[in-house]
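Listing of final_30.txt, compact mmCIF, C-alpha atoms and all ligand atoms
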# COMPACT_ATOMS: atom_id res chain seq x y z
CA MET O 1 105.34 97.35 113.33
CA ILE O 2 105.82 100.51 115.42
CA PHE O 3 103.30 100.79 118.21
CA GLU O 4 104.02 102.99 121.20
CA GLU O 5 100.68 103.76 122.80
CA GLY O 6 99.99 107.42 123.37
CA LYS O 7 103.25 108.59 121.78
CA ILE O 8 102.38 111.11 119.07
CA ARG O 9 104.00 110.48 115.68
CA GLU O 10 104.36 112.85 112.75
CA LEU O 11 103.39 110.55 109.86
CA ALA O 12 104.13 113.18 107.20
CA PRO O 13 104.43 116.97 107.19
CA HIS O 14 101.33 118.43 108.91
CA VAL O 15 99.90 114.99 109.71
CA PHE O 16 99.96 113.46 113.20
CA LEU O 17 98.81 110.26 114.84
CA ARG O 18 98.21 109.45 118.47
CA PRO O 19 98.52 105.66 118.34
CA ALA O 20 96.36 103.74 120.80
CA VAL O 21 93.80 100.99 120.96
CA ASP O 22 91.54 103.76 119.59
CA ASN O 23 93.64 105.82 117.17
CA SER O 24 93.30 109.54 116.61
CA LEU O 25 94.68 111.15 113.45
CA TRP O 26 94.83 114.86 112.71
CA ALA O 27 96.14 117.20 110.04
CA ASP O 28 96.82 120.90 109.77
CA LEU O 29 94.95 122.17 106.70
CA GLY O 30 96.42 125.69 106.96
CA ASP O 31 93.55 127.51 108.63
CA GLY O 32 92.45 124.90 111.13
CA ALA O 33 92.99 121.26 111.99
CA VAL O 34 90.86 118.27 111.04
CA VAL O 35 90.66 115.28 113.39
CA VAL O 36 89.64 111.87 112.09
CA ASP O 37 87.70 109.85 114.68
CA GLY O 38 87.23 110.63 118.34
CA LEU O 39 87.90 107.70 120.65
CA GLU O 40 85.83 105.66 123.06
CA ASP O 41 86.89 107.84 125.92
CA ALA O 42 85.19 111.25 126.04
CA PRO O 43 87.59 112.48 128.79
CA LEU O 44 90.36 112.33 126.17
CA ALA O 45 88.73 115.14 124.15
CA PRO O 46 90.78 117.91 125.87
CA VAL O 47 93.95 115.77 125.69
CA ILE O 48 93.64 115.46 121.91
CA ARG O 49 92.61 119.10 121.56
CA ASP O 50 95.76 120.20 123.41
CA ALA O 51 97.95 117.82 121.39
CA VAL O 52 96.49 119.22 118.16
CA ARG O 53 97.22 122.74 119.34
CA GLN O 54 100.80 121.84 120.35
CA THR O 55 101.67 120.03 117.13
CA THR O 56 99.93 122.28 114.61
CA GLY O 57 99.22 125.58 116.38
CA GLN O 58 95.61 125.15 115.22
CA ALA O 59 92.24 124.60 116.84
CA ILE O 60 90.10 121.60 115.88
CA ARG O 61 87.95 123.11 113.16
CA TRP O 62 86.60 119.90 111.61
CA VAL O 63 85.99 116.34 112.80
CA VAL O 64 85.51 113.51 110.33
CA ASN O 65 84.04 110.21 111.55
CA THR O 66 84.82 107.09 109.52
CA HIS O 67 81.68 105.45 110.94
CA TRP O 68 79.22 105.89 113.74
CA HIS O 69 80.49 103.55 116.45
CA ARG O 70 80.94 105.04 119.87
CA ASP O 71 84.65 104.21 120.01
CA HIS O 72 85.04 106.64 117.07
CA THR O 73 82.62 109.40 118.07
CA ALA O 74 82.70 109.81 121.87
CA CYS O 75 84.72 113.05 121.74
CA ASN O 76 82.38 114.65 119.17
CA PRO O 77 80.08 116.52 121.59
CA GLU O 78 82.92 118.30 123.36
CA TRP O 79 84.74 119.23 120.15
CA ALA O 80 81.45 120.40 118.64
CA ARG O 81 80.82 122.64 121.67
CA GLU O 82 84.27 124.12 121.12
CA GLY O 83 83.27 125.01 117.57
CA ALA O 84 84.24 122.05 115.39
CA THR O 85 82.12 121.07 112.39
CA ILE O 86 81.32 117.33 112.41
CA ILE O 87 81.38 115.54 109.05
CA ALA O 88 80.17 112.00 108.36
CA HIS O 89 78.36 109.95 105.76
CA GLU O 90 74.64 110.71 105.41
CA SER O 91 73.65 107.24 106.66
CA ALA O 92 75.51 107.76 109.96
CA ALA O 93 73.02 110.06 111.65
CA PRO O 94 70.87 112.98 110.58
CA ALA O 95 72.66 116.30 110.24
CA THR O 96 71.76 118.69 113.01
CA PRO O 97 72.39 122.34 113.78
CA ALA O 98 72.33 121.57 117.52
CA ARG O 99 76.09 121.18 118.08
CA ASP O 100 75.45 118.00 120.02
CA GLY O 101 78.07 115.91 118.31
CA ARG O 102 75.94 114.55 115.50
CA PRO O 103 77.07 115.51 111.98
CA ASP O 104 76.72 119.12 110.87
CA VAL O 105 77.72 118.17 107.32
CA THR O 106 76.90 114.90 105.56
CA PHE O 107 77.77 113.58 102.11
CA SER O 108 76.69 110.73 99.85
CA ASP O 109 79.59 109.40 97.74
CA ARG O 110 82.51 111.76 98.07
CA TYR O 111 83.37 114.93 99.91
CA THR O 112 86.41 117.18 99.66
CA LEU O 113 87.22 119.23 102.72
CA ARG O 114 89.26 122.21 101.51
CA GLY O 115 91.40 124.02 104.03
CA GLY O 116 93.41 127.15 103.31
CA ALA O 117 96.56 125.20 102.37
CA ARG O 118 95.65 121.52 102.08
CA GLN O 119 92.64 119.30 101.62
CA VAL O 120 91.34 115.89 102.62
CA GLU O 121 89.11 113.65 100.52
CA LEU O 122 86.40 111.41 101.92
CA GLU O 123 84.96 108.45 100.05
CA TRP O 124 81.98 106.39 101.14
CA LEU O 125 82.73 102.64 101.03
CA GLY O 126 79.86 101.41 103.17
CA GLY O 127 78.22 98.04 103.52
CA ALA O 128 81.05 96.03 105.05
CA HIS O 129 81.66 97.03 108.68
CA THR O 130 78.75 99.52 108.83
CA PRO O 131 76.45 101.08 106.24
CA GLU O 132 78.33 104.39 106.60
CA ASP O 133 82.01 103.31 106.40
CA SER O 134 84.05 106.07 104.81
CA VAL O 135 87.77 106.37 104.19
CA VAL O 136 89.81 109.54 104.51
CA TRP O 137 92.63 110.34 102.07
CA LEU O 138 95.30 112.95 102.70
CA PRO O 139 96.69 113.28 99.18
CA ARG O 140 99.92 115.18 99.79
CA ALA O 141 100.88 113.06 102.78
CA ARG O 142 99.71 109.87 101.01
CA VAL O 143 98.04 108.75 104.24
CA LEU O 144 94.80 106.74 104.09
CA HIS O 145 92.56 106.28 107.14
CA VAL O 146 90.40 103.19 106.68
CA GLY O 147 88.47 103.20 109.97
CA ASP O 148 87.52 99.67 110.97
CA LEU O 149 87.70 98.17 107.46
CA PHE O 150 91.06 96.72 108.53
CA GLY O 151 91.35 95.13 111.98
CA TRP O 152 94.76 93.43 112.02
CA GLY O 153 93.27 90.12 110.95
CA LEU O 154 89.75 90.52 112.33
CA ILE O 155 87.14 90.02 109.61
CA PRO O 156 85.49 93.44 109.74
CA LEU O 157 82.05 92.35 108.53
CA ARG O 158 79.13 93.07 110.82
CA ALA O 159 77.40 89.98 109.38
CA ILE O 160 79.03 87.32 107.23
CA ALA O 161 76.88 86.61 104.16
CA PRO O 162 77.52 86.21 100.42
CA GLU O 163 76.68 89.89 99.74
CA SER O 164 78.86 91.30 102.52
CA ILE O 165 81.77 89.06 101.46
CA ALA O 166 81.46 90.36 97.90
CA ARG O 167 81.23 93.93 99.17
CA LEU O 168 84.38 93.57 101.29
CA ARG O 169 86.31 92.35 98.23
CA GLU O 170 85.08 95.37 96.26
CA VAL O 171 86.04 97.70 99.10
CA TYR O 172 89.55 96.23 99.33
CA ALA O 173 90.06 96.52 95.57
CA ARG O 174 89.17 100.18 95.95
CA LEU O 175 91.44 100.73 99.00
CA LEU O 176 94.39 99.32 97.08
CA THR O 177 93.94 101.85 94.27
CA TYR O 178 94.92 104.62 96.70
CA ASP O 179 98.52 103.40 96.76
CA ALA O 180 99.07 104.95 100.19
CA ASP O 181 102.43 105.21 101.95
CA VAL O 182 100.77 104.80 105.35
CA VAL O 183 97.40 103.23 106.14
CA VAL O 184 95.81 104.11 109.49
CA PRO O 185 93.26 101.70 110.96
CA GLY O 186 90.75 102.60 113.67
CA HIS O 187 92.63 100.49 116.19
CA GLY O 188 96.28 99.55 116.66
CA PRO O 189 99.45 100.03 114.60
CA THR O 190 99.65 101.67 111.20
CA LEU O 191 100.27 99.49 108.16
CA THR O 192 101.14 99.57 104.48
CA PRO O 193 99.10 98.34 101.50
CA ALA O 194 101.11 95.08 101.68
CA GLU O 195 99.20 94.19 104.86
CA LEU O 196 95.87 95.06 103.20
CA ARG O 197 96.79 92.57 100.46
CA GLY O 198 97.92 90.04 103.06
CA PHE O 199 94.58 90.22 104.84
CA LEU O 200 92.73 89.73 101.56
CA VAL O 201 94.70 86.51 100.86
CA TYR O 202 93.83 85.21 104.34
CA PHE O 203 90.19 86.26 103.97
CA ASP O 204 89.80 84.50 100.61
CA ASP O 205 91.46 81.40 102.03
CA VAL O 206 89.25 81.09 105.13
CA VAL O 207 86.08 81.93 103.19
CA ALA O 208 86.93 79.20 100.67
CA ARG O 209 87.84 76.46 103.15
CA VAL O 210 86.15 77.01 106.51
CA PRO O 211 82.37 76.80 105.81
CA ALA O 212 82.58 73.30 104.25
CA LEU O 213 84.57 71.97 107.22
CA CYS O 214 81.98 73.39 109.64
CA ARG O 215 79.13 71.90 107.62
CA ALA O 216 80.90 68.54 107.80
CA GLY O 217 80.53 68.70 111.58
CA ARG O 218 83.96 69.87 112.72
CA THR O 219 83.99 72.19 115.72
CA PRO O 220 85.35 75.73 115.31
CA ALA O 221 88.39 74.79 117.41
CA GLU O 222 89.15 71.83 115.13
CA VAL O 223 88.69 74.00 112.06
CA ALA O 224 91.00 76.68 113.48
CA ARG O 225 93.71 74.03 113.80
CA ALA O 226 93.01 72.58 110.34
CA VAL O 227 93.15 76.03 108.71
CA PRO O 228 95.95 77.86 110.49
CA PRO O 229 96.69 81.48 109.62
CA PRO O 230 99.71 82.17 107.42
CA GLU O 231 103.06 82.36 109.18
CA ASP O 232 103.52 86.09 108.51
CA MET O 233 100.25 86.98 110.27
CA ARG O 234 101.17 85.34 113.56
CA ASP O 235 102.70 88.47 115.03
CA TRP O 236 99.94 90.77 113.79
CA TRP O 237 98.57 92.99 116.52
CA ARG O 238 96.46 90.83 118.89
CA PHE O 239 95.75 88.41 116.05
CA ALA O 240 96.93 85.05 117.35
CA ASP O 241 95.37 85.73 120.79
CA TRP O 242 91.76 85.67 119.68
CA LYS O 243 91.00 87.05 116.25
CA HIS O 244 91.62 83.92 114.16
CA ALA O 245 89.41 81.83 116.49
CA ARG O 246 86.70 84.47 116.38
CA ASN O 247 86.80 84.64 112.57
CA ILE O 248 86.41 80.86 112.35
CA GLU O 249 83.48 80.89 114.78
CA GLN O 250 81.73 83.56 112.74
CA LEU O 251 82.30 81.68 109.51
CA CYS O 252 80.96 78.47 111.10
CA ARG O 253 77.85 80.32 112.25
CA ALA O 254 77.29 81.55 108.69
CA ALA O 255 78.28 78.20 107.12
CA SER O 256 74.81 77.13 106.00
CA ALA O 257 74.12 80.53 104.43
CA LEU O 258 77.42 80.19 102.55
CA ALA O 259 76.55 76.77 101.04
CA GLU O 260 76.14 76.89 97.28
ZN ZN O 301 83.68 100.04 114.35
What do you get writing this file as structure tokens?
Ligand SMILES: [Zn+2]
Amino acid sequence: MIFEEGKIRELAPHVFLRPAVDNSLWADLGDGAVVVDGLEDAPLAPVIRDAVRQTTGQAIRWVVNTHWHRDHTACNPEWAREGATIIAHESAAPATPARDGRPDVTFSDRYTLRGGARQVELEWLGGAHTPEDSVVWLPRARVLHVGDLFGWGLIPLRAIAPESIARLREVYARLLTYDADVVVPGHGPTLTPAELRGFLVYFDDVVARVPALCRAGRTPAEVARAVPPPEDMRDWWRFADWKHARNIEQLCRAASALAE
């Protein structure tokens, strides 16, 4: 797991990542650069803009938001003022001509952004983390940005319920069909599809075992000890610190809704 905060990496030709707690990914499409997601910290907008210019020689012409949480959109207004077109799923926010950082272009299921030399493909996979979750595929680089659908062990569901559990399994089946070389999450280190599969095994295991233990009266802390995470997840980014315990608490809270 390579994770040097703030140190820009070239993931593939024309594709760059500024790794951080809030990641920023960009690609040179030949006649402009596209940035995927724009950080919690609006003051970083010029920092990213300059890094894009240095690495690609291009201005930020497009911004794609994987979903409409502030830690992914805070730089939008400044980049929009500088001329970028903002693209997001239609359920994120209404499209507006006002250049205020809301989307200028929205899409329903899929959208292909064609640059002069390369393209990126967006696919809506909403209903797990947010209604508007979308993933971004850079086909030549074989890089897939999954937004907050993967959280280094954190169950990404906004609410745990039978429907959202089923939807997350569908979404993961779809993510794995991309067969990416590099997967970029919204936060923390990059990963490979092996870690997507690893999370799914963990998710299925806790969903199968935890609710019954909670219904039987065990406390979340007892359940967390009774259902430990797999050995190979223990050094996942910030996982052992708090994410496993939080997952168990959420599953316990939803335990009665998950009873058959
Ligand atoms: Zn989010």
Quiz item: What lies within 9 Å of Leu175 in chain O using only C-alpha atoms, ignoring chain neighbours under 5 positions off, as a list of chain:residue names?
Solution: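 Those residues are O:Val135, O:Leu144, O:Val146, O:Glu170, O:Ala180, O:Pro193, O:Leu196.
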Taking 2 positions as the minimum chain separation for residues in the same chain, which residues sit within 10 Å of Val171 in chain O when counting only C-alpha atoms? Answer as a short mmCIF file (atom, residue, chain, number, x, y, z; two decimals) with C-alpha atoms, in the frame of the given file.
data_model
loop_
_atom_site.label_atom_id
_atom_site.label_comp_id
_atom_site.auth_asym_id
_atom_site.auth_seq_id
_atom_site.Cartn_x
_atom_site.Cartn_y
_atom_site.Cartn_z
CA TRP O 124 81.98 106.39 101.14
CA LEU O 125 82.73 102.64 101.03
CA GLY O 126 79.86 101.41 103.17
CA GLY O 127 78.22 98.04 103.52
CA ALA O 128 81.05 96.03 105.05
CA LEU O 149 87.70 98.17 107.46
CA ILE O 165 81.77 89.06 101.46
CA ALA O 166 81.46 90.36 97.90
CA ARG O 167 81.23 93.93 99.17
CA LEU O 168 84.38 93.57 101.29
CA ARG O 169 86.31 92.35 98.23
CA ALA O 173 90.06 96.52 95.57
CA ARG O 174 89.17 100.18 95.95
CA LEU O 175 91.44 100.73 99.00
CA LEU O 176 94.39 99.32 97.08
#
Self-check item: Protein and nucleic acid residues within 9 Å of ligand ZN 301 (chain O) (only C-alpha atoms and all ligand atoms) as a PyMOL selection string
Solution: chain O and resi 66-72+129-130+133+147-149+156+186
Quiz item: Pick the closest to Glu10 in chain O from O:Ala80, O:Arg61, O:Glu132, O:Val143: which is it, counting all atoms listed in the file?
Solution: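 Residue with the minimum atom-to-atom distance to Glu10 in chain O: O:Val143.
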Would you mind listing what lies within 10 Å of Leu44 in chain O as an mmCIF file with C-alpha atoms, keeping the file's coordinate frame, with all atoms listed in the file counted and same-chain residues fewer than 6 positions away left out?
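In the end it all went to selection-v4.cif:
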data_model
loop_
_atom_site.group_PDB
_atom_site.id
_atom_site.type_symbol
_atom_site.label_atom_id
_atom_site.label_comp_id
_atom_site.auth_asym_id
_atom_site.auth_seq_id
_atom_site.Cartn_x
_atom_site.Cartn_y
_atom_site.Cartn_z
ATOM 1 C CA GLY O 38 87.230 110.630 118.340
ATOM 2 C CA ASP O 50 95.760 120.200 123.410
ATOM 3 C CA ALA O 74 82.700 109.810 121.870
ATOM 4 C CA CYS O 75 84.720 113.050 121.740
ATOM 5 C CA GLU O 78 82.920 118.300 123.360
#
Quiz item: Any idea what the distance is between CA of Val183 in chain O and CA of Ala240 in chain O?
Solution: 21.4 Å
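Of the listed residues O:Thr106, O:Thr56, O:Gln119, O:Thr219, the one whose atoms come nearest to Leu29 in chain O is O:Gln119, with distances taken using all atoms listed in the file.
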Quiz item: Taking into account all atoms listed in the file, which residue in the set O:Ala117, O:Ala216, O:Val184, O:Val206 is nearest to Pro228 in chain O?
Solution: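 Checking each candidate against Pro228 in chain O, we get O:Val206 as the closest.
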Quiz item: Residues at most 6 Å from Ala33 in chain O, counting only C-alpha atoms, excluding those fewer than 2 positions away in the same chain, as a list in words?
Solution: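 Residues meeting the cut-off are Ala27, Asp28, Leu29, Gln58, Ala59, Ile60 and Arg61 of chain O.
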Quiz item: What's the 9 Å shell around Val227 in chain O, counting only C-alpha atoms, without same-chain residues fewer than 4 positions away, as a PyMOL selection string?
Solution: chain O and resi 205-206+209-210+222-223
For the point (83.4, 121.2, 113.2) in file coordinates, what residues are within 6 Å, counting all atoms listed in the file? Give the answer as a PDB file with C-alpha atoms, keeping the file's coordinate frame?
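Result went into result-v9.pdb, see below:
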ATOM      1  CA  ARG O  61      87.950 123.110 113.160  1.00  0.00           C
ATOM      2  CA  TRP O  62      86.600 119.900 111.610  1.00  0.00           C
ATOM      3  CA  VAL O  63      85.990 116.340 112.800  1.00  0.00           C
ATOM      4  CA  ALA O  80      81.450 120.400 118.640  1.00  0.00           C
ATOM      5  CA  GLY O  83      83.270 125.010 117.570  1.00  0.00           C
ATOM      6  CA  ALA O  84      84.240 122.050 115.390  1.00  0.00           C
ATOM      7  CA  THR O  85      82.120 121.070 112.390  1.00  0.00           C
ATOM      8  CA  ILE O  86      81.320 117.330 112.410  1.00  0.00           C
TER       9      ILE O  86
END
Exercise. State, in Å with one decimal place, the distance from CA of His145 in chain O to CA of Pro43 in chain O.
Key: 23.1 Å
Regenerate range 26-46 of chain O at the level of N, CA and C atoms and dump it as a PDB file, in the frame of the given file.
ATOM      1  N   TRP O  26      95.225 113.489 113.043  1.00  0.00           N
ATOM      2  CA  TRP O  26      94.830 114.860 112.710  1.00  0.00           C
ATOM      3  C   TRP O  26      95.799 115.470 111.718  1.00  0.00           C
ATOM      4  N   ALA O  27      95.323 116.520 111.041  1.00  0.00           N
ATOM      5  CA  ALA O  27      96.140 117.200 110.040  1.00  0.00           C
ATOM      6  C   ALA O  27      95.867 118.689 110.096  1.00  0.00           C
ATOM      7  N   ASP O  28      96.910 119.448 109.865  1.00  0.00           N
ATOM      8  CA  ASP O  28      96.820 120.900 109.770  1.00  0.00           C
ATOM      9  C   ASP O  28      96.496 121.250 108.316  1.00  0.00           C
ATOM     10  N   LEU O  29      95.326 121.831 108.092  1.00  0.00           N
ATOM     11  CA  LEU O  29      94.950 122.170 106.700  1.00  0.00           C
ATOM     12  C   LEU O  29      95.290 123.617 106.363  1.00  0.00           C
ATOM     13  N   GLY O  30      95.978 124.319 107.263  1.00  0.00           N
ATOM     14  CA  GLY O  30      96.420 125.690 106.960  1.00  0.00           C
ATOM     15  C   GLY O  30      95.662 126.721 107.748  1.00  0.00           C
ATOM     16  N   ASP O  31      94.355 126.544 107.873  1.00  0.00           N
ATOM     17  CA  ASP O  31      93.550 127.510 108.630  1.00  0.00           C
ATOM     18  C   ASP O  31      92.677 126.790 109.657  1.00  0.00           C
ATOM     19  N   GLY O  32      93.176 125.689 110.141  1.00  0.00           N
ATOM     20  CA  GLY O  32      92.450 124.900 111.130  1.00  0.00           C
ATOM     21  C   GLY O  32      92.910 123.459 110.992  1.00  0.00           C
ATOM     22  N   ALA O  33      92.596 122.673 112.032  1.00  0.00           N
ATOM     23  CA  ALA O  33      92.990 121.260 111.990  1.00  0.00           C
ATOM     24  C   ALA O  33      91.742 120.401 111.832  1.00  0.00           C
ATOM     25  N   VAL O  34      91.926 119.272 111.135  1.00  0.00           N
ATOM     26  CA  VAL O  34      90.860 118.270 111.040  1.00  0.00           C
ATOM     27  C   VAL O  34      91.301 117.052 111.851  1.00  0.00           C
ATOM     28  N   VAL O  35      90.396 116.515 112.636  1.00  0.00           N
ATOM     29  CA  VAL O  35      90.660 115.280 113.390  1.00  0.00           C
ATOM     30  C   VAL O  35      89.800 114.183 112.778  1.00  0.00           C
ATOM     31  N   VAL O  36      90.401 113.014 112.576  1.00  0.00           N
ATOM     32  CA  VAL O  36      89.640 111.870 112.090  1.00  0.00           C
ATOM     33  C   VAL O  36      89.405 110.929 113.273  1.00  0.00           C
ATOM     34  N   ASP O  37      88.176 110.766 113.641  1.00  0.00           N
ATOM     35  CA  ASP O  37      87.700 109.850 114.680  1.00  0.00           C
ATOM     36  C   ASP O  37      88.062 110.297 116.097  1.00  0.00           C
ATOM     37  N   GLY O  38      87.137 110.043 117.003  1.00  0.00           N
ATOM     38  CA  GLY O  38      87.230 110.630 118.340  1.00  0.00           C
ATOM     39  C   GLY O  38      87.107 109.697 119.510  1.00  0.00           C
ATOM     40  N   LEU O  39      87.631 108.492 119.452  1.00  0.00           N
ATOM     41  CA  LEU O  39      87.900 107.700 120.650  1.00  0.00           C
ATOM     42  C   LEU O  39      86.694 107.335 121.497  1.00  0.00           C
ATOM     43  N   GLU O  40      86.834 106.198 122.142  1.00  0.00           N
ATOM     44  CA  GLU O  40      85.830 105.660 123.060  1.00  0.00           C
ATOM     45  C   GLU O  40      85.670 106.558 124.279  1.00  0.00           C
ATOM     46  N   ASP O  41      86.771 107.223 124.617  1.00  0.00           N
ATOM     47  CA  ASP O  41      86.890 107.840 125.920  1.00  0.00           C
ATOM     48  C   ASP O  41      86.664 109.339 125.824  1.00  0.00           C
ATOM     49  N   ALA O  42      85.464 109.815 126.142  1.00  0.00           N
ATOM     50  CA  ALA O  42      85.190 111.250 126.040  1.00  0.00           C
ATOM     51  C   ALA O  42      86.168 112.105 126.854  1.00  0.00           C
ATOM     52  N   PRO O  43      86.638 111.643 128.040  1.00  0.00           N
ATOM     53  CA  PRO O  43      87.590 112.480 128.790  1.00  0.00           C
ATOM     54  C   PRO O  43      88.881 112.776 128.018  1.00  0.00           C
ATOM     55  N   LEU O  44      89.150 112.044 126.946  1.00  0.00           N
ATOM     56  CA  LEU O  44      90.360 112.330 126.170  1.00  0.00           C
ATOM     57  C   LEU O  44      90.182 113.516 125.221  1.00  0.00           C
ATOM     58  N   ALA O  45      88.962 114.027 125.097  1.00  0.00           N
ATOM     59  CA  ALA O  45      88.730 115.140 124.150  1.00  0.00           C
ATOM     60  C   ALA O  45      89.685 116.308 124.403  1.00  0.00           C
ATOM     61  N   PRO O  46      89.846 116.789 125.661  1.00  0.00           N
ATOM     62  CA  PRO O  46      90.780 117.910 125.870  1.00  0.00           C
ATOM     63  C   PRO O  46      92.242 117.509 125.654  1.00  0.00           C
TER      64      PRO O  46
END
